[in-house]
$ cat data-v1.cif   # mmCIF, C-alpha atoms
data_entry
#
loop_
_atom_site.group_PDB
_atom_site.id
_atom_site.type_symbol
_atom_site.label_atom_id
_atom_site.label_comp_id
_atom_site.auth_asym_id
_atom_site.auth_seq_id
_atom_site.Cartn_x
_atom_site.Cartn_y
_atom_site.Cartn_z
ATOM 1 C CA MET A 1 20.742 -20.067 -32.032
ATOM 2 C CA MET A 2 17.575 -18.264 -33.131
ATOM 3 C CA SER A 3 17.430 -16.246 -36.298
ATOM 4 C CA SER A 4 16.214 -12.655 -36.049
ATOM 5 C CA ASP A 5 12.918 -13.720 -37.678
ATOM 6 C CA GLN A 6 12.363 -16.392 -35.008
ATOM 7 C CA GLU A 7 13.261 -13.892 -32.286
ATOM 8 C CA LYS A 8 10.874 -11.336 -33.790
ATOM 9 C CA ASN A 9 8.054 -13.896 -33.863
ATOM 10 C CA ARG A 10 8.485 -14.532 -30.132
ATOM 11 C CA HIS A 11 7.870 -10.875 -29.247
ATOM 12 C CA ILE A 12 4.361 -10.130 -28.070
ATOM 13 C CA THR A 13 2.253 -7.972 -30.352
ATOM 14 C CA LYS A 14 -0.259 -5.583 -28.799
ATOM 15 C CA GLU A 15 -3.089 -7.744 -30.114
ATOM 16 C CA LYS A 16 -1.571 -10.873 -28.570
ATOM 17 C CA ALA A 17 -0.976 -8.948 -25.323
ATOM 18 C CA MET A 18 -4.655 -7.964 -25.188
ATOM 19 C CA GLU A 19 -5.661 -11.583 -25.743
ATOM 20 C CA ILE A 20 -3.254 -12.832 -23.047
ATOM 21 C CA PHE A 21 -4.432 -10.195 -20.592
ATOM 22 C CA LEU A 22 -8.126 -10.894 -21.178
ATOM 23 C CA ASN A 23 -7.518 -14.647 -20.820
ATOM 24 C CA ASN A 24 -5.933 -13.954 -17.425
ATOM 25 C CA ILE A 25 -8.204 -11.140 -16.227
ATOM 26 C CA GLY A 26 -9.455 -13.198 -13.268
ATOM 27 C CA PHE A 27 -5.891 -13.731 -12.063
ATOM 28 C CA VAL A 28 -5.019 -10.040 -12.497
ATOM 29 C CA ARG A 29 -8.183 -9.005 -10.680
ATOM 30 C CA SER A 30 -7.414 -11.311 -7.730
ATOM 31 C CA VAL A 31 -3.893 -9.829 -7.444
ATOM 32 C CA ALA A 32 -5.394 -6.334 -7.621
ATOM 33 C CA CYS A 33 -7.961 -7.196 -4.908
ATOM 34 C CA ARG A 34 -5.243 -8.453 -2.568
ATOM 35 C CA ASN A 35 -3.043 -5.408 -3.101
ATOM 36 C CA ALA A 36 -5.462 -2.511 -3.648
ATOM 37 C CA PRO A 37 -5.157 0.305 -1.104
ATOM 38 C CA VAL A 38 -8.965 0.510 -1.080
ATOM 39 C CA HIS A 39 -11.438 -1.813 -2.744
ATOM 40 C CA HIS A 40 -12.925 0.818 -5.040
ATOM 41 C CA LEU A 41 -9.523 1.183 -6.769
ATOM 42 C CA VAL A 42 -9.360 -2.443 -7.965
ATOM 43 C CA ASP A 43 -10.755 -1.583 -11.404
ATOM 44 C CA ASP A 44 -8.268 1.298 -11.748
ATOM 45 C CA ILE A 45 -5.387 -1.051 -10.924
ATOM 46 C CA VAL A 46 -6.607 -3.637 -13.445
ATOM 47 C CA HIS A 47 -6.965 -0.916 -16.081
ATOM 48 C CA ASP A 48 -3.479 0.473 -15.358
ATOM 49 C CA ALA A 49 -2.027 -3.046 -15.551
ATOM 50 C CA PHE A 50 -3.795 -3.630 -18.880
ATOM 51 C CA VAL A 51 -2.463 -0.396 -20.358
ATOM 52 C CA HIS A 52 1.072 -1.050 -19.114
ATOM 53 C CA PHE A 53 1.075 -4.670 -20.311
ATOM 54 C CA THR A 54 -0.249 -3.888 -23.786
ATOM 55 C CA GLU A 55 1.850 -0.746 -24.314
ATOM 56 C CA ASN A 56 5.082 -2.527 -23.386
ATOM 57 C CA ALA A 57 4.265 -5.847 -25.072
ATOM 58 C CA PRO A 58 6.599 -5.329 -28.055
ATOM 59 C CA ASN A 59 9.524 -5.151 -25.599
ATOM 60 C CA TRP A 60 8.892 -8.627 -24.204
ATOM 61 C CA ILE A 61 9.670 -12.024 -25.592
ATOM 62 C CA TYR A 62 6.730 -14.386 -25.273
ATOM 63 C CA ASP A 63 7.308 -17.143 -22.749
ATOM 64 C CA GLU A 64 4.041 -18.705 -21.642
ATOM 65 C CA SER A 65 5.580 -20.069 -18.441
ATOM 66 C CA LYS A 66 6.445 -16.542 -17.270
ATOM 67 C CA ILE A 67 3.289 -14.642 -18.247
ATOM 68 C CA LEU A 68 1.532 -15.008 -14.881
ATOM 69 C CA GLY A 69 4.621 -13.796 -13.039
ATOM 70 C CA LEU A 70 4.859 -10.809 -15.350
ATOM 71 C CA LEU A 71 1.164 -9.988 -14.929
ATOM 72 C CA LYS A 72 1.444 -10.340 -11.159
ATOM 73 C CA SER A 73 4.491 -8.082 -11.045
ATOM 74 C CA ILE A 74 2.846 -5.410 -13.188
ATOM 75 C CA THR A 75 -0.383 -5.535 -11.183
ATOM 76 C CA MET A 76 1.449 -5.278 -7.856
ATOM 77 C CA ASN A 77 3.451 -2.352 -9.242
ATOM 78 C CA MET A 78 0.234 -0.577 -10.261
ATOM 79 C CA ALA A 79 -1.267 -1.270 -6.821
ATOM 80 C CA GLY A 80 1.857 0.210 -5.232
ATOM 81 C CA ARG A 81 1.430 3.353 -7.304
ATOM 82 C CA GLN A 82 -2.213 3.566 -6.270
ATOM 83 C CA TRP A 83 -1.144 3.071 -2.627
ATOM 84 C CA ASN A 84 1.340 5.958 -2.899
ATOM 85 C CA ASP A 85 -1.307 8.208 -4.452
ATOM 86 C CA TYR A 86 -3.847 7.207 -1.814
ATOM 87 C CA VAL A 87 -1.498 7.716 1.140
ATOM 88 C CA ARG A 88 -0.344 11.064 -0.226
ATOM 89 C CA ASN A 89 -3.891 12.361 0.335
ATOM 90 C CA LEU A 90 -4.183 11.167 3.948
ATOM 91 C CA PRO A 91 -3.470 13.376 6.939
ATOM 92 C CA SER A 92 0.206 13.166 7.824
ATOM 93 C CA THR A 93 -0.122 10.919 10.873
ATOM 94 C CA LEU A 94 -2.350 8.401 9.105
ATOM 95 C CA ALA A 95 -0.042 8.423 6.096
ATOM 96 C CA LYS A 96 3.013 7.669 8.259
ATOM 97 C CA LEU A 97 1.224 4.952 10.194
ATOM 98 C CA ALA A 98 -0.225 3.450 7.005
ATOM 99 C CA ASP A 99 3.250 3.299 5.457
ATOM 100 C CA HIS A 100 4.582 1.632 8.603
ATOM 101 C CA ILE A 101 1.833 -0.998 8.510
ATOM 102 C CA GLN A 102 2.320 -1.613 4.784
ATOM 103 C CA LYS A 103 6.071 -2.168 5.283
ATOM 104 C CA LYS A 104 5.447 -4.456 8.254
ATOM 105 C CA VAL A 105 2.919 -6.497 6.282
ATOM 106 C CA GLN A 106 5.357 -6.872 3.390
ATOM 107 C CA ALA A 107 8.289 -7.697 5.692
ATOM 108 C CA ASN A 108 6.357 -10.383 7.568
ATOM 109 C CA SER A 109 4.737 -11.761 4.426
ATOM 110 C CA VAL A 110 1.365 -11.479 6.133
ATOM 111 C CA PRO A 111 -1.307 -12.366 3.590
ATOM 112 C CA VAL A 112 -2.842 -9.112 2.446
ATOM 113 C CA HIS A 113 -6.363 -10.406 1.966
ATOM 114 C CA SER A 114 -7.843 -7.308 3.508
ATOM 115 C CA SER A 115 -8.048 -3.998 1.797
ATOM 116 C CA SER A 116 -6.199 -0.963 2.961
ATOM 117 C CA GLU A 117 -9.554 0.378 4.131
ATOM 118 C CA GLU A 118 -9.234 -2.221 6.896
ATOM 119 C CA THR A 119 -5.653 -1.093 7.491
ATOM 120 C CA LEU A 120 -6.857 2.474 7.900
ATOM 121 C CA HIS A 121 -9.580 1.193 10.196
ATOM 122 C CA ILE A 122 -6.825 -0.248 12.404
ATOM 123 C CA LEU A 123 -5.075 3.120 12.468
ATOM 124 C CA GLU A 124 -8.243 4.998 13.308
ATOM 125 C CA ALA A 125 -9.197 2.464 15.997
ATOM 126 C CA CYS A 126 -5.797 2.817 17.650
ATOM 127 C CA LEU A 127 -5.974 6.601 17.536
ATOM 128 C CA ALA A 128 -9.466 6.455 19.069
ATOM 129 C CA ARG A 129 -8.139 4.362 21.985
ATOM 130 C CA LEU A 130 -5.750 7.101 23.055
ATOM 131 C CA ASP A 131 -6.707 9.254 26.012
ATOM 132 C CA PRO A 132 -7.961 12.757 25.049
ATOM 133 C CA GLU A 133 -4.682 14.509 25.969
ATOM 134 C CA SER A 134 -2.611 12.075 23.885
ATOM 135 C CA ARG A 135 -4.998 12.348 20.944
ATOM 136 C CA GLU A 136 -4.765 16.148 21.165
ATOM 137 C CA LEU A 137 -0.958 16.025 21.112
ATOM 138 C CA ILE A 138 -1.021 13.742 18.056
ATOM 139 C CA GLU A 139 -3.466 16.089 16.314
ATOM 140 C CA LEU A 140 -1.405 19.165 17.175
ATOM 141 C CA TYR A 141 1.867 17.623 16.074
ATOM 142 C CA TYR A 142 0.869 15.564 13.029
ATOM 143 C CA PHE A 143 -2.359 17.102 11.747
ATOM 144 C CA ASN A 144 -1.712 20.777 12.553
ATOM 145 C CA GLY A 145 2.041 20.707 11.964
ATOM 146 C CA ASN A 146 3.026 22.110 15.368
ATOM 147 C CA GLU A 147 6.635 21.769 16.490
ATOM 148 C CA TYR A 148 7.706 20.390 19.877
ATOM 149 C CA SER A 149 8.267 23.965 21.073
ATOM 150 C CA ASP A 150 4.593 24.717 20.292
ATOM 151 C CA LEU A 151 3.525 21.628 22.255
ATOM 152 C CA VAL A 152 5.667 22.736 25.199
ATOM 153 C CA GLU A 153 3.996 26.136 25.155
ATOM 154 C CA LYS A 154 0.448 24.753 24.781
ATOM 155 C CA THR A 155 0.806 22.070 27.460
ATOM 156 C CA GLY A 156 2.954 24.021 29.919
ATOM 157 C CA LYS A 157 5.238 20.998 30.268
ATOM 158 C CA THR A 158 8.998 20.858 29.938
ATOM 159 C CA PRO A 159 10.503 19.949 26.554
ATOM 160 C CA ALA A 160 11.742 16.652 28.019
ATOM 161 C CA ALA A 161 8.266 15.815 29.334
ATOM 162 C CA VAL A 162 6.645 16.531 25.953
ATOM 163 C CA TYR A 163 9.284 14.470 24.135
ATOM 164 C CA MET A 164 8.806 11.531 26.536
ATOM 165 C CA GLN A 165 5.030 11.768 26.245
ATOM 166 C CA MET A 166 5.170 11.771 22.427
ATOM 167 C CA SER A 167 7.536 8.775 22.517
ATOM 168 C CA ARG A 168 5.149 6.968 24.850
ATOM 169 C CA ILE A 169 2.174 7.750 22.592
ATOM 170 C CA ARG A 170 4.001 6.461 19.502
ATOM 171 C CA GLY A 171 4.886 3.306 21.458
ATOM 172 C CA ILE A 172 1.248 2.805 22.427
ATOM 173 C CA LEU A 173 0.148 3.276 18.812
ATOM 174 C CA HIS A 174 2.846 0.891 17.593
ATOM 175 C CA GLU A 175 1.780 -1.827 20.063
ATOM 176 C CA CYS A 176 -1.903 -1.326 19.257
ATOM 177 C CA ILE A 177 -1.263 -1.562 15.512
ATOM 178 C CA GLU A 178 0.857 -4.707 15.890
ATOM 179 C CA ARG A 179 -1.713 -6.343 18.173
ATOM 180 C CA MET A 180 -4.586 -5.596 15.790
ATOM 181 C CA MET A 181 -2.565 -6.744 12.776
ATOM 182 C CA ASP A 182 -1.689 -9.995 14.545
ATOM 183 C CA GLN A 183 -5.386 -10.510 15.334
ATOM 184 C CA GLU A 184 -6.283 -9.842 11.710
ATOM 185 C CA ALA A 185 -3.584 -12.267 10.504
ATOM 186 C CA ARG A 186 -4.922 -15.010 12.817
ATOM 187 C CA ASN A 187 -8.426 -14.441 11.455
ATOM 188 C CA VAL A 188 -7.257 -15.033 7.875
#

$ encode --input "data-v1.cif" --output "C-alpha cells"
Amino acid sequence: MMSSDQEKNRHITKEKAMEIFLNNIGFVRSVACRNAPVHHLVDDIVHDAFVHFTENAPNWIYDESKILGLLKSITMNMAGRQWNDYVRNLPSTLAKLADHIQKKVQANSVPVHSSSEETLHILEACLARLDPESRELIELYYFNGNEYSDLVEKTGKTPAAVYMQMSRIRGILHECIERMMDQEARNV
C-alpha cells in the first residue's frame, strides 16, 4: 500500500507534463495529422492537446506505460472538437454528408491518413456528378432550406414523385461516397 506522500509524488506536475508532452510532440503531431478535419488545423489541435494535458496533469497519476495512450486520447478528442467546429460552418448538406463519412470511416476502422479536406473533396465530387435537376433539388432542399412542399411547387411534380426522387438522389450520393472512400482506402 502506498503512503499519501508516495501517491502525491506519482502525480504529474505541470512542469513534468510540459516535459512529457514536448518529448512526445512528434507522436502527438502524427495523431493530430491523421485526425485533423483539415491540415491547417493540425497546429491548433496540438496546441489544444498541450493545454489540456498540462492543465489537467495534477489529476493524473504518472504511469509511463500509459502516457502515449493518454496523449493519443486527448489529441483525438481535440481533433473531434475541431471536426465539430469545422462541420458546423459547412453548408447543411455537406455537413450531413461529412458526418456520415466520418462515422463510416470510424466504424470500418479505415485508416484516416487523409485529411478531411480530401473527405470534403469526395463530397463535392459526388455532388458534381449529379445531373443538373438533381443538384438543383439538393441545393433547394439542403442549402436553401426548402421543404418538400416547396419542391413540389417548384418542380410541378407530385409529392410522391419528389420524395422518390430525393430518395434516389441520396442513394446515388451514398453509393458514390462509398465507392470513392473504398478507392481511397485501397490507395492507402

$ resolve_selection --input "data-v1.cif" --expression "the PyMOL selection byres ((chain A and resi 30) around 12)" --output "list in words"
Asn24, Ile25, Gly26, Phe27, Val28, Arg29, Val31, Ala32, Cys33, Arg34, Asn35, Ala36, His39, Val42, Asp43, Ile45, Val46, Leu71, Lys72, Thr75, Met76, Ala79, Val112, His113 and Ser114 of chain A

$ write_last_selection --input "data-v1.cif" --atoms "C-alpha atoms" --output "PDB file, in the frame of the given file"
ATOM      1  CA  ASN A  24      -5.933 -13.954 -17.425  1.00  0.00           C
ATOM      2  CA  ILE A  25      -8.204 -11.140 -16.227  1.00  0.00           C
ATOM      3  CA  GLY A  26      -9.455 -13.198 -13.268  1.00  0.00           C
ATOM      4  CA  PHE A  27      -5.891 -13.731 -12.063  1.00  0.00           C
ATOM      5  CA  VAL A  28      -5.019 -10.040 -12.497  1.00  0.00           C
ATOM      6  CA  ARG A  29      -8.183  -9.005 -10.680  1.00  0.00           C
ATOM      7  CA  VAL A  31      -3.893  -9.829  -7.444  1.00  0.00           C
ATOM      8  CA  ALA A  32      -5.394  -6.334  -7.621  1.00  0.00           C
ATOM      9  CA  CYS A  33      -7.961  -7.196  -4.908  1.00  0.00           C
ATOM     10  CA  ARG A  34      -5.243  -8.453  -2.568  1.00  0.00           C
ATOM     11  CA  ASN A  35      -3.043  -5.408  -3.101  1.00  0.00           C
ATOM     12  CA  ALA A  36      -5.462  -2.511  -3.648  1.00  0.00           C
ATOM     13  CA  HIS A  39     -11.438  -1.813  -2.744  1.00  0.00           C
ATOM     14  CA  VAL A  42      -9.360  -2.443  -7.965  1.00  0.00           C
ATOM     15  CA  ASP A  43     -10.755  -1.583 -11.404  1.00  0.00           C
ATOM     16  CA  ILE A  45      -5.387  -1.051 -10.924  1.00  0.00           C
ATOM     17  CA  VAL A  46      -6.607  -3.637 -13.445  1.00  0.00           C
ATOM     18  CA  LEU A  71       1.164  -9.988 -14.929  1.00  0.00           C
ATOM     19  CA  LYS A  72       1.444 -10.340 -11.159  1.00  0.00           C
ATOM     20  CA  THR A  75      -0.383  -5.535 -11.183  1.00  0.00           C
ATOM     21  CA  MET A  76       1.449  -5.278  -7.856  1.00  0.00           C
ATOM     22  CA  ALA A  79      -1.267  -1.270  -6.821  1.00  0.00           C
ATOM     23  CA  VAL A 112      -2.842  -9.112   2.446  1.00  0.00           C
ATOM     24  CA  HIS A 113      -6.363 -10.406   1.966  1.00  0.00           C
ATOM     25  CA  SER A 114      -7.843  -7.308   3.508  1.00  0.00           C
TER      26      SER A 114
END

$ atom_distance --input "data-v1.cif" --atom1 "CA of Asn84 in chain A" --atom2 "CA of His47 in chain A"
17.0 Å

$ closest_residue --input "data-v1.cif" --among "A:Ala17, A:Leu127, A:Leu41, A:Cys176" --to "Asp85 in chain A" --atoms "all atoms listed in the file"
A:Leu41

$ residues_around --input "data-v1.cif" --residues "Cys126 in chain A" --least-positions-apart "4" --cutoff "9 Å" --atoms "only C-alpha atoms" --output "list in words"
His121, Ile122, Leu130, Ile172, Leu173, His174, Cys176, Ile177 and Met180 of chain A

$ resolve_selection --input "data-v1.cif" --expression "the PyMOL selection byres ((chain A and resi 59) around 12)" --output "mmCIF file with C-alpha atoms, in the frame of the given file"
data_model
loop_
_atom_site.group_PDB
_atom_site.id
_atom_site.type_symbol
_atom_site.label_atom_id
_atom_site.label_comp_id
_atom_site.auth_asym_id
_atom_site.auth_seq_id
_atom_site.Cartn_x
_atom_site.Cartn_y
_atom_site.Cartn_z
ATOM 1 C CA GLU A 7 13.261 -13.892 -32.286
ATOM 2 C CA LYS A 8 10.874 -11.336 -33.790
ATOM 3 C CA ARG A 10 8.485 -14.532 -30.132
ATOM 4 C CA HIS A 11 7.870 -10.875 -29.247
ATOM 5 C CA ILE A 12 4.361 -10.130 -28.070
ATOM 6 C CA THR A 13 2.253 -7.972 -30.352
ATOM 7 C CA LYS A 14 -0.259 -5.583 -28.799
ATOM 8 C CA ALA A 17 -0.976 -8.948 -25.323
ATOM 9 C CA HIS A 52 1.072 -1.050 -19.114
ATOM 10 C CA PHE A 53 1.075 -4.670 -20.311
ATOM 11 C CA THR A 54 -0.249 -3.888 -23.786
ATOM 12 C CA GLU A 55 1.850 -0.746 -24.314
ATOM 13 C CA ASN A 56 5.082 -2.527 -23.386
ATOM 14 C CA ALA A 57 4.265 -5.847 -25.072
ATOM 15 C CA PRO A 58 6.599 -5.329 -28.055
ATOM 16 C CA TRP A 60 8.892 -8.627 -24.204
ATOM 17 C CA ILE A 61 9.670 -12.024 -25.592
ATOM 18 C CA TYR A 62 6.730 -14.386 -25.273
#

$ axis_aligned_box --input "data-v1.cif" --around "range 64-73 of chain A" --padding-each-side "3 Å" --output "JSON"
{"center_x": 3.8, "center_y": -14.1, "center_z": -16.3, "size_x": 11.3, "size_y": 18.0, "size_z": 16.6}

$ residues_around --input "data-v1.cif" --residues "Met166 in chain A" --least-positions-apart "6" --cutoff "9 Å" --atoms "only C-alpha atoms" --output "PyMOL selection string"
chain A and resi 134+137-138

$ write_last_selection --input "data-v1.cif" --atoms "C-alpha atoms" --output "mmCIF file, in the coordinates of the input"
data_model
loop_
_atom_site.group_PDB
_atom_site.id
_atom_site.type_symbol
_atom_site.label_atom_id
_atom_site.label_comp_id
_atom_site.auth_asym_id
_atom_site.auth_seq_id
_atom_site.Cartn_x
_atom_site.Cartn_y
_atom_site.Cartn_z
ATOM 1 C CA SER A 134 -2.611 12.075 23.885
ATOM 2 C CA LEU A 137 -0.958 16.025 21.112
ATOM 3 C CA ILE A 138 -1.021 13.742 18.056
#

$ atom_distance --input "data-v1.cif" --atom1 "CA of Glu175 in chain A" --atom2 "CA of Phe143 in chain A"
21.1 Å

$ closest_residue --input "data-v1.cif" --among "A:Tyr148, A:Ala160, A:Glu178, A:Ser65" --to "Leu123 in chain A" --atoms "all atoms listed in the file"
A:Glu178
